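Asks: Below is coords_21.pdb; it holds PDB, C-alpha atoms and all ligand atoms.
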```pdb
ATOM      1  CA  MET O   1     -10.725   4.933  -6.072
ATOM      2  CA  ARG O   2     -10.475   7.570  -3.351
ATOM      3  CA  ILE O   3      -6.999   8.958  -3.244
ATOM      4  CA  VAL O   4      -4.851  11.911  -2.273
ATOM      5  CA  LEU O   5      -1.937  12.652  -4.589
ATOM      6  CA  LEU O   6       1.358  13.928  -3.252
ATOM      7  CA  GLY O   7       4.253  14.891  -5.456
ATOM      8  CA  ALA O   8       6.783  17.650  -5.927
ATOM      9  CA  PRO O   9       6.536  20.202  -8.712
ATOM     10  CA  GLY O  10       7.862  18.401 -11.773
ATOM     11  CA  SER O  11       7.060  14.943 -10.413
ATOM     12  CA  GLY O  12       4.522  14.376 -13.181
ATOM     13  CA  LYS O  13       1.680  14.306 -10.684
ATOM     14  CA  GLY O  14      -0.681  16.302 -12.914
ATOM     15  CA  THR O  15      -0.121  14.097 -15.956
ATOM     16  CA  GLN O  16      -0.639  10.914 -13.960
ATOM     17  CA  ALA O  17      -3.766  12.305 -12.312
ATOM     18  CA  GLN O  18      -5.214  13.098 -15.736
ATOM     19  CA  ARG O  19      -4.558   9.559 -16.906
ATOM     20  CA  LEU O  20      -6.186   8.054 -13.802
ATOM     21  CA  GLN O  21      -9.142  10.360 -14.312
ATOM     22  CA  ALA O  22      -9.500   9.352 -17.968
ATOM     23  CA  LYS O  23      -9.228   5.632 -17.312
ATOM     24  CA  TYR O  24     -11.308   5.318 -14.143
ATOM     25  CA  GLY O  25     -13.764   8.146 -14.603
ATOM     26  CA  VAL O  26     -13.032   9.675 -11.229
ATOM     27  CA  PRO O  27     -12.631  13.464 -11.106
ATOM     28  CA  GLN O  28      -9.353  15.127 -10.231
ATOM     29  CA  VAL O  29     -10.251  17.549  -7.472
ATOM     30  CA  SER O  30      -7.816  20.401  -6.952
ATOM     31  CA  SER O  31      -8.510  22.935  -4.244
ATOM     32  CA  GLY O  32      -7.219  25.757  -6.465
ATOM     33  CA  ASP O  33      -9.572  24.816  -9.295
ATOM     34  CA  LEU O  34     -12.470  24.485  -6.853
ATOM     35  CA  LEU O  35     -11.864  27.991  -5.548
ATOM     36  CA  ARG O  36     -11.606  29.566  -9.007
ATOM     37  CA  ASP O  37     -14.690  27.660 -10.147
ATOM     38  CA  ALA O  38     -16.765  28.625  -7.094
ATOM     39  CA  VAL O  39     -15.800  32.284  -7.457
ATOM     40  CA  ALA O  40     -16.585  32.230 -11.173
ATOM     41  CA  ARG O  41     -19.987  30.611 -10.590
ATOM     42  CA  GLY O  42     -20.782  32.936  -7.713
ATOM     43  CA  THR O  43     -21.863  30.181  -5.326
ATOM     44  CA  GLU O  44     -22.379  30.961  -1.635
ATOM     45  CA  LEU O  45     -18.943  29.635  -0.703
ATOM     46  CA  GLY O  46     -17.497  31.229  -3.823
ATOM     47  CA  LEU O  47     -18.754  34.646  -2.773
ATOM     48  CA  LYS O  48     -17.318  34.123   0.716
ATOM     49  CA  ALA O  49     -13.975  33.088  -0.754
ATOM     50  CA  LYS O  50     -13.999  36.042  -3.111
ATOM     51  CA  ALA O  51     -14.559  38.467  -0.250
ATOM     52  CA  VAL O  52     -11.713  36.934   1.753
ATOM     53  CA  MET O  53      -9.327  37.019  -1.211
ATOM     54  CA  GLU O  54     -10.254  40.568  -2.098
ATOM     55  CA  ALA O  55      -9.427  41.531   1.479
ATOM     56  CA  GLY O  56      -5.988  40.108   0.789
ATOM     57  CA  GLN O  57      -6.419  37.212   3.199
ATOM     58  CA  LEU O  58      -5.964  33.475   2.837
ATOM     59  CA  VAL O  59      -9.099  31.433   2.280
ATOM     60  CA  SER O  60      -9.820  29.479   5.457
ATOM     61  CA  ASP O  61      -9.755  25.697   5.630
ATOM     62  CA  ASP O  62     -13.477  25.726   6.394
ATOM     63  CA  ILE O  63     -14.265  27.312   3.047
ATOM     64  CA  VAL O  64     -11.997  24.912   1.143
ATOM     65  CA  LEU O  65     -13.441  21.922   3.014
ATOM     66  CA  GLY O  66     -16.935  23.158   2.211
ATOM     67  CA  LEU O  67     -16.030  23.334  -1.458
ATOM     68  CA  ILE O  68     -14.590  19.826  -1.339
ATOM     69  CA  ARG O  69     -17.714  18.517   0.380
ATOM     70  CA  ASP O  70     -19.933  20.058  -2.337
ATOM     71  CA  ARG O  71     -17.676  18.763  -5.080
ATOM     72  CA  LEU O  72     -17.663  15.179  -3.783
ATOM     73  CA  ALA O  73     -21.446  15.194  -3.577
ATOM     74  CA  ARG O  74     -21.701  15.566  -7.356
ATOM     75  CA  PRO O  75     -22.658  12.431  -9.318
ATOM     76  CA  ASP O  76     -19.329  12.146 -11.162
ATOM     77  CA  ALA O  77     -17.568  11.604  -7.822
ATOM     78  CA  ALA O  78     -19.730   8.598  -6.957
ATOM     79  CA  ASN O  79     -16.922   6.196  -7.828
ATOM     80  CA  GLY O  80     -14.235   8.200  -6.105
ATOM     81  CA  PHE O  81     -11.909  11.144  -6.562
ATOM     82  CA  ILE O  82      -8.300  12.168  -6.908
ATOM     83  CA  LEU O  83      -7.494  14.958  -4.479
ATOM     84  CA  ASP O  84      -4.661  17.184  -5.610
ATOM     85  CA  GLY O  85      -3.175  20.129  -3.712
ATOM     86  CA  PHE O  86      -5.130  19.419  -0.534
ATOM     87  CA  PRO O  87      -4.350  18.758   2.268
ATOM     88  CA  ARG O  88      -1.154  20.744   2.679
ATOM     89  CA  ASN O  89      -0.660  20.271   6.420
ATOM     90  CA  GLU O  90      -1.606  17.951   9.234
ATOM     91  CA  ASP O  91      -4.529  20.079  10.429
ATOM     92  CA  GLN O  92      -6.068  20.022   6.982
ATOM     93  CA  ALA O  93      -5.430  16.266   6.777
ATOM     94  CA  ASN O  94      -7.310  15.766  10.054
ATOM     95  CA  SER O  95     -10.228  17.907   8.877
ATOM     96  CA  LEU O  96     -10.286  16.068   5.563
ATOM     97  CA  ASN O  97     -10.392  12.692   7.326
ATOM     98  CA  ALA O  98     -13.313  13.861   9.439
ATOM     99  CA  LEU O  99     -15.158  15.132   6.362
ATOM    100  CA  LEU O 100     -14.590  11.917   4.401
ATOM    101  CA  GLU O 101     -15.700   9.811   7.377
ATOM    102  CA  ASP O 102     -18.796  11.961   7.610
ATOM    103  CA  ILE O 103     -19.797  11.397   3.981
ATOM    104  CA  GLY O 104     -18.844   7.728   4.161
ATOM    105  CA  GLN O 105     -16.030   7.997   1.636
ATOM    106  CA  PRO O 106     -12.789   7.366   3.508
ATOM    107  CA  LEU O 107      -9.485   7.423   1.625
ATOM    108  CA  ASP O 108      -8.235   4.237  -0.017
ATOM    109  CA  ALA O 109      -4.682   5.432  -0.376
ATOM    110  CA  VAL O 110      -2.306   8.369  -0.463
ATOM    111  CA  LEU O 111       0.000   8.148  -3.450
ATOM    112  CA  LEU O 112       3.392   9.802  -3.244
ATOM    113  CA  LEU O 113       5.098  10.187  -6.581
ATOM    114  CA  ASP O 114       8.746   9.945  -5.693
ATOM    115  CA  VAL O 115      11.270  11.656  -7.960
ATOM    116  CA  ARG O 116      14.883  12.554  -7.169
ATOM    117  CA  ARG O 117      15.728  16.196  -6.700
ATOM    118  CA  GLU O 118      18.190  16.273  -9.621
ATOM    119  CA  THR O 119      15.511  14.919 -11.930
ATOM    120  CA  LEU O 120      12.982  17.483 -10.681
ATOM    121  CA  MET O 121      15.470  20.315 -11.239
ATOM    122  CA  GLN O 122      16.204  19.078 -14.740
ATOM    123  CA  ARG O 123      12.553  18.689 -15.654
ATOM    124  CA  LEU O 124      11.461  22.057 -14.266
ATOM    125  CA  ALA O 125      14.403  24.051 -15.571
ATOM    126  CA  GLY O 126      13.915  22.545 -19.032
ATOM    127  CA  ARG O 127      10.213  23.307 -19.190
ATOM    128  CA  ARG O 128       9.082  25.544 -22.075
ATOM    129  CA  ILE O 129       5.519  26.584 -22.771
ATOM    130  CA  CYS O 130       3.762  27.599 -25.957
ATOM    131  CA  PRO O 131       1.853  30.852 -25.419
ATOM    132  CA  LYS O 132      -0.599  29.984 -28.200
ATOM    133  CA  CYS O 133      -1.655  26.361 -27.610
ATOM    134  CA  GLY O 134      -0.459  25.978 -24.023
ATOM    135  CA  THR O 135       1.502  22.801 -24.749
ATOM    136  CA  VAL O 136       4.285  22.125 -22.254
ATOM    137  CA  TYR O 137       7.599  20.981 -23.751
ATOM    138  CA  ASN O 138      10.989  20.110 -22.367
ATOM    139  CA  VAL O 139      14.172  21.448 -23.973
ATOM    140  CA  HIS O 140      15.609  17.921 -23.845
ATOM    141  CA  SER O 141      12.988  16.708 -26.307
ATOM    142  CA  LEU O 142      12.941  19.836 -28.498
ATOM    143  CA  ASN O 143      16.328  19.169 -30.143
ATOM    144  CA  GLY O 144      17.318  22.811 -30.001
ATOM    145  CA  ALA O 145      14.030  24.182 -31.329
ATOM    146  CA  THR O 146      12.765  27.332 -29.597
ATOM    147  CA  THR O 147       9.364  27.501 -31.289
ATOM    148  CA  CYS O 148       6.221  25.387 -30.986
ATOM    149  CA  PRO O 149       6.291  22.487 -33.486
ATOM    150  CA  ARG O 150       2.543  22.965 -33.950
ATOM    151  CA  GLU O 151       2.200  26.593 -35.068
ATOM    152  CA  GLY O 152       5.647  28.048 -34.654
ATOM    153  CA  ALA O 153       4.972  30.346 -31.694
ATOM    154  CA  GLU O 154       8.053  31.321 -29.680
ATOM    155  CA  LEU O 155       8.185  29.157 -26.546
ATOM    156  CA  PHE O 156       8.746  30.765 -23.161
ATOM    157  CA  GLN O 157       9.915  29.768 -19.700
ATOM    158  CA  ARG O 158       7.663  30.450 -16.739
ATOM    159  CA  PRO O 159       9.365  32.785 -14.253
ATOM    160  CA  ASP O 160       9.051  30.241 -11.452
ATOM    161  CA  ASP O 161      10.748  27.618 -13.635
ATOM    162  CA  LYS O 162      14.012  29.599 -13.523
ATOM    163  CA  GLU O 163      16.672  27.596 -11.768
ATOM    164  CA  GLU O 164      17.120  29.913  -8.800
ATOM    165  CA  VAL O 165      13.388  29.844  -8.093
ATOM    166  CA  ILE O 166      13.054  26.069  -8.544
ATOM    167  CA  GLY O 167      15.369  25.312  -5.625
ATOM    168  CA  ARG O 168      13.197  27.414  -3.340
ATOM    169  CA  ARG O 169       9.977  25.826  -4.633
ATOM    170  CA  LEU O 170      11.315  22.336  -3.970
ATOM    171  CA  GLU O 171      12.386  23.333  -0.460
ATOM    172  CA  VAL O 172       8.930  24.673   0.290
ATOM    173  CA  TYR O 173       7.378  21.491  -1.052
ATOM    174  CA  GLU O 174       9.624  19.246   1.044
ATOM    175  CA  LYS O 175       9.063  21.218   4.211
ATOM    176  CA  GLN O 176       5.324  21.183   3.674
ATOM    177  CA  THR O 177       4.964  17.581   2.572
ATOM    178  CA  GLN O 178       7.288  15.776   4.980
ATOM    179  CA  PRO O 179       4.836  15.955   7.930
ATOM    180  CA  LEU O 180       2.011  14.772   5.666
ATOM    181  CA  ILE O 181       4.067  11.798   4.519
ATOM    182  CA  ALA O 182       4.670  10.835   8.143
ATOM    183  CA  TYR O 183       1.010  11.428   8.970
ATOM    184  CA  TYR O 184      -0.337   9.172   6.230
ATOM    185  CA  ALA O 185       2.356   6.558   6.779
ATOM    186  CA  LYS O 186       1.184   6.286  10.368
ATOM    187  CA  LEU O 187      -2.370   5.724   9.140
ATOM    188  CA  GLY O 188      -1.107   2.965   6.850
ATOM    189  CA  LEU O 189      -2.373   4.818   3.772
ATOM    190  CA  LEU O 190       0.873   5.986   2.199
ATOM    191  CA  ARG O 191       2.127   4.325  -0.967
ATOM    192  CA  THR O 192       5.317   5.568  -2.524
ATOM    193  CA  ILE O 193       5.591   5.201  -6.272
ATOM    194  CA  ALA O 194       8.873   5.405  -8.165
ATOM    195  CA  GLY O 195       8.151   8.377 -10.410
ATOM    196  CA  GLU O 196      11.067   8.079 -12.808
ATOM    197  CA  GLY O 197      11.230   6.086 -16.017
ATOM    198  CA  GLU O 198       8.705   5.494 -18.783
ATOM    199  CA  LEU O 199       5.427   7.367 -18.407
ATOM    200  CA  ASP O 200       3.486   4.133 -18.983
ATOM    201  CA  SER O 201       5.425   2.211 -16.342
ATOM    202  CA  VAL O 202       4.903   5.004 -13.838
ATOM    203  CA  PHE O 203       1.193   4.947 -14.634
ATOM    204  CA  GLU O 204       1.080   1.183 -14.171
ATOM    205  CA  ARG O 205       2.637   1.583 -10.736
ATOM    206  CA  MET O 206       0.210   4.403  -9.895
ATOM    207  CA  GLU O 207      -2.724   2.219 -10.886
ATOM    208  CA  ALA O 208      -1.495  -0.736  -8.872
ATOM    209  CA  ALA O 209      -1.063   1.461  -5.817
ATOM    210  CA  ALA O 210      -4.401   3.251  -6.286
ATOM    211  CA  LEU O 211      -6.310   0.001  -6.631
ATOM    212  CA  ALA O 212      -4.441  -1.474  -3.667
ATOM    213  CA  LYS O 213      -3.264  -4.294  -5.881
ATOM    214  CA  PRO O 214      -0.387  -6.074  -4.235
ATOM    215  CA  LEU O 215       1.208  -6.926  -7.610
ATOM    216  CA  PRO O 216       1.442  -5.247 -11.019
ATOM    217  CA  PRO O 217      -1.150  -6.533 -13.544
ATOM    218  CA  SER O 218       1.321  -8.792 -15.406
ATOM    219  CA  SER O 219       2.195 -10.731 -12.261
ATOM    220  CA  VAL O 220      -1.465 -11.053 -11.319
ATOM    221  CA  LYS O 221      -2.156 -12.757 -14.676
ATOM    222  CA  VAL O 222       0.623 -15.256 -14.088
ATOM    223  CA  SER O 223      -0.596 -16.198 -10.649
ATOM    224  CA  THR O 224      -4.163 -16.650 -11.953
ATOM    225  CA  ALA O 225      -2.905 -19.170 -14.527
ATOM    226  CA  LYS O 226      -1.209 -21.119 -11.803
ATOM    227  CA  VAL O 227      -4.245 -21.544  -9.563
ATOM    228  CA  PRO O 228      -4.627 -25.342 -10.116
ATOM    229  CA  LYS O 229      -0.952 -25.846  -9.385
ATOM    230  CA  LYS O 230      -1.342 -23.752  -6.265
ATOM    231  CA  LYS O 231      -4.183 -26.027  -5.113
ATOM    232  CA  VAL O 232      -1.955 -29.068  -5.574
ATOM    233  CA  VAL O 233       0.732 -27.360  -3.600
ATOM    234  CA  VAL O 234      -1.745 -26.619  -0.842
ATOM    235  CA  LYS O 235      -2.909 -30.266  -0.864
ATOM    236  CA  ALA O 236       0.656 -31.503  -0.675
ATOM    237  CA  ALA O 237       1.340 -29.119   2.144
ATOM    238  CA  ARG O 238      -1.712 -30.365   4.031
ATOM    239  CA  LYS O 239      -0.635 -33.986   3.506
ATOM    240  CA  ALA O 240       2.830 -33.190   4.747
ATOM    241  CA  ALA O 241       1.366 -31.435   7.773
ATOM    242  CA  LYS O 242      -0.824 -34.483   8.519
ATOM    243  CA  LYS O 243       2.196 -36.766   8.219
ATOM    244  CA  THR O 244       4.145 -34.525  10.525
ATOM    245  CA  ARG O 245       1.303 -34.637  13.026
ATOM    246  CA  LYS O 246       1.183 -38.468  12.827
ATOM    247  CA  VAL O 247       4.908 -38.732  13.321
ATOM    248  CA  ALA O 248       4.622 -36.374  16.243
ATOM    249  CA  VAL O 249       1.929 -38.532  17.860
ATOM    250  CA  LYS O 250       3.995 -41.660  17.266
ATOM    251  CA  THR O 251       7.058 -40.022  18.721
ATOM    252  CA  ALA O 252       5.074 -38.938  21.729
ATOM    253  CA  LYS O 253       3.867 -42.509  22.265
ATOM    254  CA  VAL O 254       7.373 -43.911  21.991
ATOM    255  CA  LYS O 255       8.604 -41.282  24.392
ATOM    256  CA  ALA O 256       5.861 -42.104  26.866
ATOM    257  CA  ALA O 257       6.664 -45.806  26.552
ATOM    258  CA  ARG O 258      10.332 -45.088  27.124
ATOM    259  CA  LYS O 259       9.512 -43.019  30.133
ATOM    260  CA  SER O 260       7.548 -45.862  31.717
ATOM    261  CA  ALA O 261      10.089 -48.438  30.528
ATOM    262  CA  PRO O 262      12.002 -48.845  33.823
ATOM    263  CA  LYS O 263       8.774 -49.703  35.649
ATOM    264  CA  ALA O 264       7.790 -52.306  33.034
ATOM    265  CA  LYS O 265      11.281 -53.732  33.011
ATOM    266  CA  ARG O 266      11.252 -54.134  36.759
ATOM    267  CA  ALA O 267       7.878 -55.846  36.636
ATOM    268  CA  LYS O 268       9.073 -58.250  33.911
ATOM    269  CA  ALA O 269      12.271 -59.042  35.788
ATOM    270  CA  ALA O 270      10.294 -59.705  38.965
ATOM    271  CA  ALA O 271       8.013 -62.063  37.054
ATOM    272  CA  ARG O 272      11.006 -63.925  35.636
ATOM    273  CA  THR O 273      12.560 -64.265  39.077
ATOM    274  CA  ALA O 274       9.318 -65.595  40.525
ATOM    275  CA  LYS O 275       9.010 -68.156  37.713
ATOM    276  CA  ARG O 276      12.589 -69.282  38.201
ATOM    277  CA  ALA O 277      12.018 -69.673  41.921
ATOM    278  CA  LYS O 278       8.904 -71.790  41.261
ATOM    279  CA  VAL O 279      10.787 -74.074  38.831
ATOM    280  CA  ALA O 280      13.650 -74.427  41.261
ATOM    281  CA  LYS O 281      11.203 -75.347  44.006
ATOM    282  CA  LYS O 282       9.569 -78.015  41.774
ATOM    283  CA  GLN O 283      12.961 -79.466  40.871
ATOM    284  CA  SER O 284      14.135 -79.643  44.418
ATOM    285  CA  ALA O 285      10.844 -81.245  45.424
ATOM    286  CA  ARG O 286      11.229 -83.890  42.689
ATOM    287  CA  LYS O 287      14.757 -84.557  43.872
ATOM    288  CA  ALA O 288      13.477 -85.074  47.363
ATOM    289  CA  GLY O 289      11.060 -87.656  45.929
ATOM    290  CA  ARG O 290       7.903 -86.137  46.968
ATOM    291  CA  LYS O 291       5.198 -84.132  45.315
ATOM    292  CA  PRO O 292       5.323 -80.424  45.650
ATOM    293  CA  ALA O 293       3.014 -79.048  48.176
ATOM    294  CA  ARG O 294      -0.154 -77.737  46.606
ATOM    295  CA  LYS O 295      -1.334 -74.322  47.372
ATOM    296  CA  LYS O 296      -4.431 -74.318  49.423
TER     297      LYS O 296
HETATM  298 ZN    ZN Y   1       1.813  25.878 -29.687
END
```
Can you give me the file's structure in the form of structure tokens?

Replies:
Amino acid sequence: MRIVLLGAPGSGKGTQAQRLQAKYGVPQVSSGDLLRDAVARGTELGLKAKAVMEAGQLVSDDIVLGLIRDRLARPDAANGFILDGFPRNEDQANSLNALLEDIGQPLDAVLLLDVRRETLMQRLAGRRICPKCGTVYNVHSLNGATTCPREGAELFQRPDDKEEVIGRRLEVYEKQTQPLIAYYAKLGLLRTIAGEGELDSVFERMEAAALAKPLPPSSVKVSTAKVPKKKVVVKAARKAAKKTRKVAVKTAKVKAARKSAPKAKRAKAAARTAKRAKVAKKQSARKAGRKPARKK
């Protein structure tokens, strides 16, 4: 399972990635986490990144790609990975493709978790976080409570979850992601997943798309049970095709016969005329009282 995840803030991308990771044992690889981790561990690339960040500059794609390359070489990524937060533009997507080709691990799919803007706004604006345990809640499921049901800490709203900021965040996301969607669609890798509804149903759709299954698991079961029937159908179809071919051959023969019919008819008619002439000759000869002249 080698996938890139695309999804707006509030699309539930993180939750779904965690579930894929838990079920399939493939690591979720986020470029932000990689950077923080490399800096914290003081690796060569981490030190480079640290220097760049301390100089107030953006970490270059080369450094991020290097981190991704190192990360994917670890044993836990042997069965695949879920890339999150990278690439963010077409250039990065091109570099990523080259890197994955190079290590022989090309992408299986790019999953786009599709959620309507109104739903995103509602989810993000309603988000409340517990400062003690870090649990993320939504006001719609809190029934008016303003404290954490676990230990009673006062919940808070992240500054960038305020409504006026959310609109801007979603705009930035759309502007950034649209070219990537087009890019991966062109490569035939993009799979759009309806991201609204029950968490389990969304996960089922994510799984189906990630595993390149053409049908959801329930439908696959049904079709497996019907395999013998399918064989019969195939047999019947073959028989019908054979019959059709036979009929076609027959029709062709009849057509050919019809085409040559005038010739045959003429020949037959000529033969009849000749016979009649012979008989008439015999009769007239008998009438004349003498034997017909024999052919020599
Ligand atoms: Zn709490």

Asks: For the point (-10.3, 10.3, -1.7) in file coordinates, what residues are within 6 Å, counting all atoms listed in the file? Give the answer as a VMD selection string?

Replies: chain O and resid 2 to 4 81 to 82 107

Asks: 6 Å from ligand ZN 1 (chain Y) is the threshold here; counting only C-alpha atoms and all ligand atoms, which polymer residues fall inside it? Answer as a list of chain:residue names.

Replies: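 The residues within 6 Å of ligand ZN 1 (chain Y), counting only C-alpha atoms and all ligand atoms, are O:Cys130, O:Lys132, O:Cys133, O:Thr135, O:Cys148, O:Arg150, O:Glu151, O:Ala153.
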
Asks: Could you give me, as a list of chain:residue names, the residues within 6 Å of Gly126 (chain O), counting all atoms listed in the file and dropping anything in the same chain fewer than 2 positions from it?

Replies: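 Answer for this query is O:Gln122, O:Arg123, O:Leu124, O:Asn138, O:Val139.
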
Asks: Using only C-alpha atoms, determine which residues lie at most 8 Å from Asp84 (chain O), disregarding the query and same-chain residues fewer than 5 positions distant; provide the list as a ChimeraX atom specification.

Replies: /O:4-6,28-31

Asks: Quick check, in Å to one decimal: how far apart do CA of Lys50 (chain O) and CA of Ala8 (chain O) lie?

Replies: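 So the answer is 27.9 Å.
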
Asks: Would you compute the distance between CA of Val172 (chain O) and CA of Asn89 (chain O)? Give it in Å to one decimal.

Replies: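 So the answer is 12.2 Å.
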
Asks: Might you spell out which residues the PyMOL selection byres (((chain O and resi 113) around 9) and not hetatm) would select in the displayed file, as a PDB file with C-alpha atoms, keeping the file's coordinate frame?

Replies:
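The new file result36.pdb reads:
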```
ATOM      1  CA  LEU O   5      -1.937  12.652  -4.589  1.00  0.00           C
ATOM      2  CA  LEU O   6       1.358  13.928  -3.252  1.00  0.00           C
ATOM      3  CA  GLY O   7       4.253  14.891  -5.456  1.00  0.00           C
ATOM      4  CA  ALA O   8       6.783  17.650  -5.927  1.00  0.00           C
ATOM      5  CA  SER O  11       7.060  14.943 -10.413  1.00  0.00           C
ATOM      6  CA  GLY O  12       4.522  14.376 -13.181  1.00  0.00           C
ATOM      7  CA  LYS O  13       1.680  14.306 -10.684  1.00  0.00           C
ATOM      8  CA  LEU O 111       0.000   8.148  -3.450  1.00  0.00           C
ATOM      9  CA  LEU O 112       3.392   9.802  -3.244  1.00  0.00           C
ATOM     10  CA  ASP O 114       8.746   9.945  -5.693  1.00  0.00           C
ATOM     11  CA  VAL O 115      11.270  11.656  -7.960  1.00  0.00           C
ATOM     12  CA  ARG O 191       2.127   4.325  -0.967  1.00  0.00           C
ATOM     13  CA  THR O 192       5.317   5.568  -2.524  1.00  0.00           C
ATOM     14  CA  ILE O 193       5.591   5.201  -6.272  1.00  0.00           C
ATOM     15  CA  ALA O 194       8.873   5.405  -8.165  1.00  0.00           C
ATOM     16  CA  GLY O 195       8.151   8.377 -10.410  1.00  0.00           C
ATOM     17  CA  GLU O 196      11.067   8.079 -12.808  1.00  0.00           C
ATOM     18  CA  VAL O 202       4.903   5.004 -13.838  1.00  0.00           C
ATOM     19  CA  MET O 206       0.210   4.403  -9.895  1.00  0.00           C
TER      20      MET O 206
END
```

Asks: If you count only C-alpha atoms, which residues fall within 9 Å of Val39 (chain O), apart from same-chain ones fewer than 6 positions away, as a list in words?

Replies: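 Counting only C-alpha atoms, the residues come to Leu45, Gly46, Leu47, Lys48, Ala49 and Lys50 of chain O.
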
Asks: Create the file for the chosen residues now, containing C-alpha atoms and written as an mmCIF file, keeping the file's coordinate frame.

Replies:
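See again-v9.cif below for the written result:
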```
data_model
loop_
_atom_site.group_PDB
_atom_site.id
_atom_site.type_symbol
_atom_site.label_atom_id
_atom_site.label_comp_id
_atom_site.auth_asym_id
_atom_site.auth_seq_id
_atom_site.Cartn_x
_atom_site.Cartn_y
_atom_site.Cartn_z
ATOM 1 C CA LEU O 45 -18.943 29.635 -0.703
ATOM 2 C CA GLY O 46 -17.497 31.229 -3.823
ATOM 3 C CA LEU O 47 -18.754 34.646 -2.773
ATOM 4 C CA LYS O 48 -17.318 34.123 0.716
ATOM 5 C CA ALA O 49 -13.975 33.088 -0.754
ATOM 6 C CA LYS O 50 -13.999 36.042 -3.111
#
```

Asks: When distances are computed from only C-alpha atoms, which of O:Lys186, O:Arg41, O:Arg36, O:Arg128 shows the smallest separation from Val110 (chain O)?

Replies: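 Among the listed residues, O:Lys186 lies closest to Val110 (chain O).
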
Asks: Could you check which of O:Leu99, O:Leu155, O:Ala270, O:Leu189 is closest to Ala210 (chain O), using only C-alpha atoms?

Replies: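 Closest to Ala210 (chain O) of all the choices is O:Leu189.
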
Asks: If you measure from CA of Arg117 (chain O) to CA of Leu190 (chain O), what distance in Å do you get, rounded to one decimal?

Replies: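 It comes out at 20.1 Å.
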
Asks: Write out as a CSV table (one decimal) with C-alpha atoms, in the coordinates of the input each polymer residue whose atoms come within 9 Å of Pro27 (chain O), counting all atoms listed in the file; drop sequence neighbours fewer than 4 positions from it.

Replies:
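The result, written out as selection20.csv:
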```csv
chain,number,residue,atom,x,y,z
O,18,GLN,CA,-5.2,13.1,-15.7
O,20,LEU,CA,-6.2,8.1,-13.8
O,21,GLN,CA,-9.1,10.4,-14.3
O,22,ALA,CA,-9.5,9.4,-18.0
O,76,ASP,CA,-19.3,12.1,-11.2
O,77,ALA,CA,-17.6,11.6,-7.8
O,80,GLY,CA,-14.2,8.2,-6.1
O,81,PHE,CA,-11.9,11.1,-6.6
O,82,ILE,CA,-8.3,12.2,-6.9
O,83,LEU,CA,-7.5,15.0,-4.5
```

Asks: Counting only C-alpha atoms, which residue out of O:Ile166, O:Ala269, O:Val64, O:Ala73 sits closest to Asp102 (chain O)?

Replies: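 The answer is O:Ala73, which sits nearest to Asp102 (chain O).
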
Asks: Using only C-alpha atoms, which of the listed residues (O:Val165, O:Ala277, O:Leu187, O:Leu142) sits closest to Asp108 (chain O)?

Replies: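 Nearest to Asp108 (chain O): O:Leu187.
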
Asks: Counting only C-alpha atoms, which of O:Ala17, O:Ala125, O:Ala38, O:Ala93 gets nearest to Gly66 (chain O)?

Replies: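 The answer is O:Ala38, which sits nearest to Gly66 (chain O).
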
Asks: O:Gly85, O:Pro106, O:Gly42, O:Gly197: which is nearest Leu180 (chain O), counting only C-alpha atoms?

Replies: O:Gly85
